[in-house]
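Below is one structure, written out as C-alpha cells; the observations come after it.
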Amino acid sequence: MLASGEYVQLGSSLGRVVAPNPGPMTGSGTNTYVLTRDWKNAPVTLIDPGPAIDQHVDTLLEMFGERIESIVVTHTHSDHSPAAAPLALATGAKIYGATPAPDAAYQDATFRADFELSDDQRLEFDGVGLRAIHTPGHVNNHYCFLVEDDGIVLTGDHLMNGSTVVIIPPAGVMKDYIESLEKIKNYPVKQFGPGHGDLMDHPVEIIDWTIQHRLSREQKVIEKLTEIGRASLEELTPPVYDDVDPSLHFMASMSLWAHLIKLETEGRVANSNDVWHMLS
Ligand SMILES: [Zn+2]
C-alpha cells in the first residue's frame, strides 16, 4: 500500500503523490505524477491530477502552489482527471488532454483541455521532455507518456501494478488494447509508472505477459462458449472467470463483453438478442 499525501522521488525529473482514494478498482489510490527539475523550487507539471477530493487538491496546492504550470491527463476516467479543473483554477495551469471524454460510464464529463494531445507528440516542460503515446484500448482517449530523462512510461490505466485492467465497451476496445501494448515497445522504456501502484521493472516482459494473459482468456471464452452453446454475458461470466472472486464478476463481465466484440469483428462469434454463440 503506497502512503497517500507524501512526495516520493522516482527519477531525476519525476516524483509521485498518491491520492487518498484507495479501493478495489484503484489499488492504493491514483498516482499523481510530478514532472519537475526540482520539486521544491522549479516549475511543476502534474500528470493525472486525480479525483477532485479536497484533501488531495489541498495537498498538491500546499506542496507546489503556483509552480503548477501544466496539467496532463492520461484519460478522463473519474479517478484520473477531475482535479485538473480546481487546480487550474487555483494556479492558472494549462491543461493537456484528449477530448471529448467518451459518453460512457465512469467518465469525467466536465473535463476540458487547453491543448489537445496527438500521437507521438513531444511536449517539453521547463526543459523536461515528455512524449505522448496514443494508446486506445482501456478507453479510446487514453495516452501514455514517456518521461525522456528517466525512460519511464507513465501508463495511466493501460497497465496497473497488481491488477488486470478493465475494458468497458464501447469506449474500451480489446483489439486496440493489445495493439497499443505492442506500440509501447517502440519507445525506449526502462520502467513503467502505472496510474495505480508502484513502478514496474522489465517492461517488455510485462507487455508480453499481459498480451499472453489476454489471449489465454480469449481462448477460455472460446472453449466455454463452445461447451455451453448459447449464452448471455451474465451466463458466460462465471465459467470464464471461475478463477476471479465473484465480487469482481460485474467488472469482469465488461472485459468479457470486450473479448466477445473482438471475436465478433474477427467473424468467430455472433449474437442475437444479446445471446452469444460460436460461428466456427
Ligand atoms: Zn481508467
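Chain labels A, B, ... are given in the sequence in which chains occur in the C-alpha cells; within each chain residues are numbered consecutively from 1, and ligands are likewise numbered from 1 in the order shown.
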message: Give me, as a list in words, all polymer residues having an atom no more than 6 Å from A:Thr45, counting only C-alpha atoms and skipping those fewer than 5 positions away in the same chain.
response: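 Near A:Thr45, the qualifying residues are Val34, Leu35, Ile68, Ser70 and Ile71 of chain A.
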Can you write just those residues out, N, CA and C atoms, as a compact mmCIF listing (two decimals), in the first residue's frame?
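Printed below is result.txt as written:
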```txt
# COMPACT_ATOMS: atom_id res chain seq x y z
N VAL A 34 4.58 13.79 -10.84
CA VAL A 34 5.08 15.17 -10.78
C VAL A 34 6.33 15.25 -11.64
N LEU A 35 6.26 16.02 -12.73
CA LEU A 35 7.40 16.19 -13.63
C LEU A 35 8.06 17.53 -13.29
N ILE A 68 2.68 24.98 -10.15
CA ILE A 68 1.98 24.05 -11.05
C ILE A 68 1.62 24.84 -12.31
N SER A 70 1.50 23.26 -15.58
CA SER A 70 0.84 22.43 -16.59
C SER A 70 0.25 21.19 -15.93
N ILE A 71 -0.85 20.72 -16.51
CA ILE A 71 -1.53 19.51 -16.03
C ILE A 71 -1.81 18.65 -17.26
```
- request: Dump the neighbourhood of ligand 1 as a list in words: all residues within 7 Å, distances computed on only C-alpha atoms and all ligand atoms.
  value: His75, His77, His138 and Asp157 of chain A
field: Who sits within 9 Å of stretch 229-231 of chain A, only C-alpha atoms, same chain under 2 positions skipped, as a list in words
entry: Lys224, Leu225, Thr226, Glu227, Leu233, Glu234, Glu235, Leu236, Asn271, Asp274, Val275, Trp276, His277 and Met278 of chain A
How about saving the chosen residues, N, CA and C atoms kept, as a short mmCIF file (atom, residue, chain, number, x, y, z; two decimals), in the first residue's frame?
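Result file is result-v1.cif:
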```
data_model
loop_
_atom_site.label_atom_id
_atom_site.label_comp_id
_atom_site.auth_asym_id
_atom_site.auth_seq_id
_atom_site.Cartn_x
_atom_site.Cartn_y
_atom_site.Cartn_z
N LYS A 224 -15.38 -22.13 -23.40
CA LYS A 224 -16.62 -22.18 -22.60
C LYS A 224 -17.85 -21.96 -23.47
N LEU A 225 -17.74 -21.04 -24.44
CA LEU A 225 -18.90 -20.78 -25.29
C LEU A 225 -19.18 -21.99 -26.19
N THR A 226 -18.13 -22.65 -26.65
CA THR A 226 -18.29 -23.87 -27.45
C THR A 226 -19.01 -24.94 -26.61
N GLU A 227 -18.58 -25.07 -25.36
CA GLU A 227 -19.15 -26.05 -24.44
C GLU A 227 -20.63 -25.78 -24.16
N LEU A 233 -24.14 -12.71 -21.64
CA LEU A 233 -22.95 -12.22 -20.92
C LEU A 233 -22.97 -12.69 -19.46
N GLU A 234 -24.15 -12.59 -18.83
CA GLU A 234 -24.30 -12.97 -17.43
C GLU A 234 -24.04 -14.47 -17.23
N GLU A 235 -24.50 -15.27 -18.19
CA GLU A 235 -24.32 -16.72 -18.08
C GLU A 235 -22.88 -17.15 -18.34
N LEU A 236 -22.21 -16.40 -19.21
CA LEU A 236 -20.86 -16.80 -19.62
C LEU A 236 -19.78 -16.31 -18.65
N ASN A 271 -23.99 -12.71 -32.12
CA ASN A 271 -25.01 -12.67 -31.08
C ASN A 271 -26.34 -12.25 -31.67
N ASP A 274 -28.61 -10.42 -27.63
CA ASP A 274 -27.66 -10.50 -26.52
C ASP A 274 -27.34 -11.93 -26.08
N VAL A 275 -27.66 -12.89 -26.93
CA VAL A 275 -27.23 -14.27 -26.67
C VAL A 275 -26.13 -14.61 -27.68
N TRP A 276 -24.99 -15.04 -27.12
CA TRP A 276 -23.80 -15.24 -27.98
C TRP A 276 -23.64 -16.71 -28.35
N HIS A 277 -23.08 -16.95 -29.55
CA HIS A 277 -22.75 -18.32 -29.95
C HIS A 277 -21.54 -18.31 -30.88
N MET A 278 -20.88 -19.46 -31.01
CA MET A 278 -19.71 -19.58 -31.88
C MET A 278 -20.15 -19.68 -33.33
#
```
query: Taking the backbone alone, and naming residues the way the document does, which bits of stretch 59-176 of chain A are strand (DSSP E or B) by DSSP, as a VMD selection string?
result: chain A and resid 68 to 72 77 94 to 97 107 115 to 116 122 to 125 128 to 134 143 to 147 152 to 156
task: Please measure the separation of atom CA of A:Met251 and atom CA of A:Thr155, giving the value in Å to one decimal.
output: 20.3 Å
- prompt: Which residue out of A:Ile222, A:Val165, A:Val128, A:Ala85 has the minimum interatomic distance to A:Val269 when only C-alpha atoms are used?
  reply: A:Ile222
Sel. of alpha helix (DSSP H) residues, stretch 11-114 of chain A, as a list in words: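 Matching residues for alpha helix (DSSP H) in stretch 11-114 of chain A are Asp54, Gln55, His56, Val57, Asp58, Thr59, Leu60, Leu61, Glu62, Met63, Phe64, Ala84, Ala85, Pro86, Leu87, Ala88, Leu89, Ala90 and Thr91 of chain A.
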query: With only C-alpha atoms as the atoms that count, which of A:Glu266, A:Asp208, A:Asp243, A:Glu69 lies nearest to A:Gly92?
result: A:Glu69
